[in-house]
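Each remark here refers to the structure printed beneath this line.
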Amino acid sequence: MTNKGRKGSLAVFPGSFDPITNGHLDIVDRGLGIFDRVRMAILMNPEKQPLFSVEERVAIIREAYRADPRVEVDTFSGLLVDYAERVGASVIIRGIRAISDFEYEFQMALMNRRLNPQIETVFMMPAESYSYVSSRLVKEVFQLGGRVSDLVPPVVEKRLREKYGTPLAAGRTRRSR
Ligand code: PNS
């Protein structure tokens, strides 16, 4: 019997999601192949200076998934394993894009296991086409006028435009000047 057979299985997919990318959406889709519900949990981290406020990130995710009740969104602070236990999730999903992600993720997964052995971390690989996509690069590329429409859902592109305005160089090439 798969875990999905256990009615109401819930996995927490934690992150900063500043903003979500198509790579995150790909991981959520894969998660839904195994679990009944995936809850995207945004860390409230006062030490970070995000582009989008926590409220904006929640709204973006809600809009991206407004047609799919299997995807939930929430915020948390404190230890991730405590949050997962509190909401009744026994699995944490993390995406691994490349070997370079692995060391940090492995360390976190083992620390989380030490903190709460009842909660298992499941690593998922996004499609290769997203292996180089990160929230940080999306913001940088957009700001410098590069196209991000294949890398983020439409709501994120819209919000980026609202935040930065239409970047001066957007869509421009040498020839179009
Ligand atoms: O998208 P990110 O920034 O890589 O996500 C990192 C996140 C939120 C998963 C991680 O920082 C986290 O779980 N923070 C909560 C605090 C915690 O539990 N720390 C101990 C983990 S080993």
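Chain labels follow the order of the structure tokens: the first chain is A, the next B, and so on; residue numbering restarts at 1 in every chain, and ligands are counted from 1 in their shown order.
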
| task | Kindly work out which residues sit at most 9 Å from ligand 1, using only C-alpha atoms and all ligand atoms, and give the list as a VMD selection string. | result | chain A and resid 13 to 18 41 to 45 76 to 83 94 105 107 to 113 115 135

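Looking only at segment 87-116 of chain A, the set that DSSP places in helix (DSSP H, G or I) from backbone geometry is Val87, Ile99, Ser100, Asp101, Phe102, Glu103, Tyr104, Glu105, Phe106, Gln107, Met108, Ala109, Leu110, Met111, Asn112, Arg113, Arg114 and Leu115 of chain A.
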
| query | A:Ser149, A:Ser131, A:Thr75, A:Thr166: which is nearest Ile99 of chain A, counting only C-alpha atoms? | reply | A:Ser131

| query | Expressed in Å to a single decimal, how great is the separation between atom CA of Ala11 of chain A and atom CA of Gln118 of chain A? | reply |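 For atom CA of Ala11 of chain A relative to atom CA of Gln118 of chain A, the distance reads 13.0 Å.
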
| query | Interatomic distance between atom CA of Val152 of chain A and atom CA of Gly88 of chain A? | reply | 29.8 Å

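Relative to atom CA of Val28 of chain A, atom CA of Val91 of chain A is found at 13.3 Å.
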
| query | Counting only C-alpha atoms, which of A:Asp150, A:Asp101, A:Glu56, A:Asp74 gets nearest to Pro19 of chain A? | reply | A:Glu56

| So which residues touch Pro154 of chain A within 12 Å, counting only C-alpha atoms, skipping near sequence neighbours fewer than 2 positions away, as a PyMOL selection string? | chain A and resi 19-22+60-61+63-65+148-152+156-161

Can you write just those residues out, N, CA, C and O atoms, as a compact mmCIF listing (two decimals), in the first residue's frame?
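Result file is again00.txt:
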# COMPACT_ATOMS: atom_id res chain seq x y z
N PRO A 19 10.32 34.43 -4.95
CA PRO A 19 8.97 33.87 -5.03
C PRO A 19 9.02 32.40 -5.47
O PRO A 19 10.10 31.87 -5.72
N ILE A 20 7.83 31.79 -5.58
CA ILE A 20 7.79 30.42 -6.11
C ILE A 20 8.21 30.43 -7.59
O ILE A 20 8.00 31.41 -8.31
N THR A 21 8.80 29.34 -7.98
CA THR A 21 9.22 29.16 -9.39
C THR A 21 8.52 27.92 -9.94
O THR A 21 7.91 27.15 -9.18
N ASN A 22 8.67 27.71 -11.24
CA ASN A 22 8.09 26.50 -11.82
C ASN A 22 8.77 25.24 -11.26
O ASN A 22 8.19 24.16 -11.28
N ILE A 60 0.46 34.89 -3.41
CA ILE A 60 0.94 34.38 -4.71
C ILE A 60 0.66 32.87 -4.81
O ILE A 60 0.13 32.38 -5.81
N ILE A 61 0.98 32.16 -3.74
CA ILE A 61 0.79 30.70 -3.78
C ILE A 61 -0.71 30.37 -3.85
O ILE A 61 -1.14 29.50 -4.60
N GLU A 63 -3.00 32.14 -5.19
CA GLU A 63 -3.49 32.41 -6.54
C GLU A 63 -3.02 31.32 -7.50
O GLU A 63 -3.79 30.86 -8.34
N ALA A 64 -1.79 30.90 -7.36
CA ALA A 64 -1.26 29.86 -8.26
C ALA A 64 -2.05 28.56 -8.12
O ALA A 64 -2.19 27.81 -9.09
N TYR A 65 -2.56 28.30 -6.92
CA TYR A 65 -3.24 27.01 -6.67
C TYR A 65 -4.72 27.18 -6.33
O TYR A 65 -5.29 26.31 -5.67
N VAL A 148 11.47 35.76 -17.96
CA VAL A 148 11.32 34.70 -16.96
C VAL A 148 10.02 33.93 -17.13
O VAL A 148 9.68 33.09 -16.30
N SER A 149 9.30 34.21 -18.22
CA SER A 149 7.96 33.64 -18.35
C SER A 149 7.95 32.10 -18.36
O SER A 149 6.94 31.51 -17.99
N ASP A 150 9.03 31.47 -18.77
CA ASP A 150 9.04 30.00 -18.75
C ASP A 150 9.47 29.46 -17.38
O ASP A 150 9.48 28.25 -17.17
N LEU A 151 9.86 30.35 -16.51
CA LEU A 151 10.47 29.90 -15.26
C LEU A 151 9.57 30.05 -14.04
O LEU A 151 9.82 29.45 -12.99
N VAL A 152 8.53 30.88 -14.18
CA VAL A 152 7.63 31.15 -13.04
C VAL A 152 6.19 31.12 -13.53
O VAL A 152 5.93 31.35 -14.71
N VAL A 156 3.43 35.19 -10.69
CA VAL A 156 4.72 35.69 -10.20
C VAL A 156 5.27 36.74 -11.15
O VAL A 156 5.78 37.79 -10.72
N GLU A 157 5.14 36.48 -12.44
CA GLU A 157 5.63 37.47 -13.40
C GLU A 157 4.88 38.80 -13.21
O GLU A 157 5.48 39.88 -13.20
N LYS A 158 3.58 38.68 -13.00
CA LYS A 158 2.76 39.88 -12.78
C LYS A 158 3.23 40.63 -11.54
O LYS A 158 3.42 41.84 -11.54
N ARG A 159 3.45 39.88 -10.46
CA ARG A 159 3.89 40.51 -9.19
C ARG A 159 5.29 41.11 -9.33
O ARG A 159 5.58 42.13 -8.73
N LEU A 160 6.15 40.46 -10.10
CA LEU A 160 7.50 41.00 -10.29
C LEU A 160 7.41 42.34 -11.02
O LEU A 160 8.10 43.30 -10.70
N ARG A 161 6.50 42.37 -12.00
CA ARG A 161 6.33 43.61 -12.76
C ARG A 161 5.80 44.72 -11.85
O ARG A 161 6.25 45.85 -11.92

| request: Run DSSP on the backbone and grab whatever in segment 81-168 of chain A lands in strand (DSSP E or B); send it over as a ChimeraX atom specification. | output: /A:91-95,120-124

Determine, using only C-alpha atoms, which residues of segment 27-62 of chain A have any atom at most 12 Å from an atom of segment 121-128 of chain A, and tabulate each with its shortest atom pair and distance in Å to one decimal place, rows ordered by chain and then rising number, as JSON lines.
{"residue": "A:Ile27", "atom": "CA", "partner": "A:Pro126", "partner_atom": "CA", "distance": 5.7}
{"residue": "A:Val28", "atom": "CA", "partner": "A:Pro126", "partner_atom": "CA", "distance": 9.4}
{"residue": "A:Asp29", "atom": "CA", "partner": "A:Pro126", "partner_atom": "CA", "distance": 9.6}
{"residue": "A:Arg30", "atom": "CA", "partner": "A:Met124", "partner_atom": "CA", "distance": 7.6}
{"residue": "A:Gly31", "atom": "CA", "partner": "A:Met124", "partner_atom": "CA", "distance": 8.0}
{"residue": "A:Leu32", "atom": "CA", "partner": "A:Met124", "partner_atom": "CA", "distance": 11.6}
{"residue": "A:Gly33", "atom": "CA", "partner": "A:Met124", "partner_atom": "CA", "distance": 11.4}
{"residue": "A:Ile34", "atom": "CA", "partner": "A:Val122", "partner_atom": "CA", "distance": 10.6}
{"residue": "A:Phe35", "atom": "CA", "partner": "A:Val122", "partner_atom": "CA", "distance": 11.3}

| request: Return the single residue from A:Ala98, A:Arg57, A:Arg39, A:Ile92 that is closest to Val133 of chain A, with distances computed using only C-alpha atoms. | output: A:Ala98

| request: Compile the contact shell of Arg70 of chain A as JSON, numbers by chain: residues with an atom at most 8 Å away, counting only C-alpha atoms, same-chain residues fewer than 5 positions apart removed. | output: {"A": [32, 36, 37, 38]}
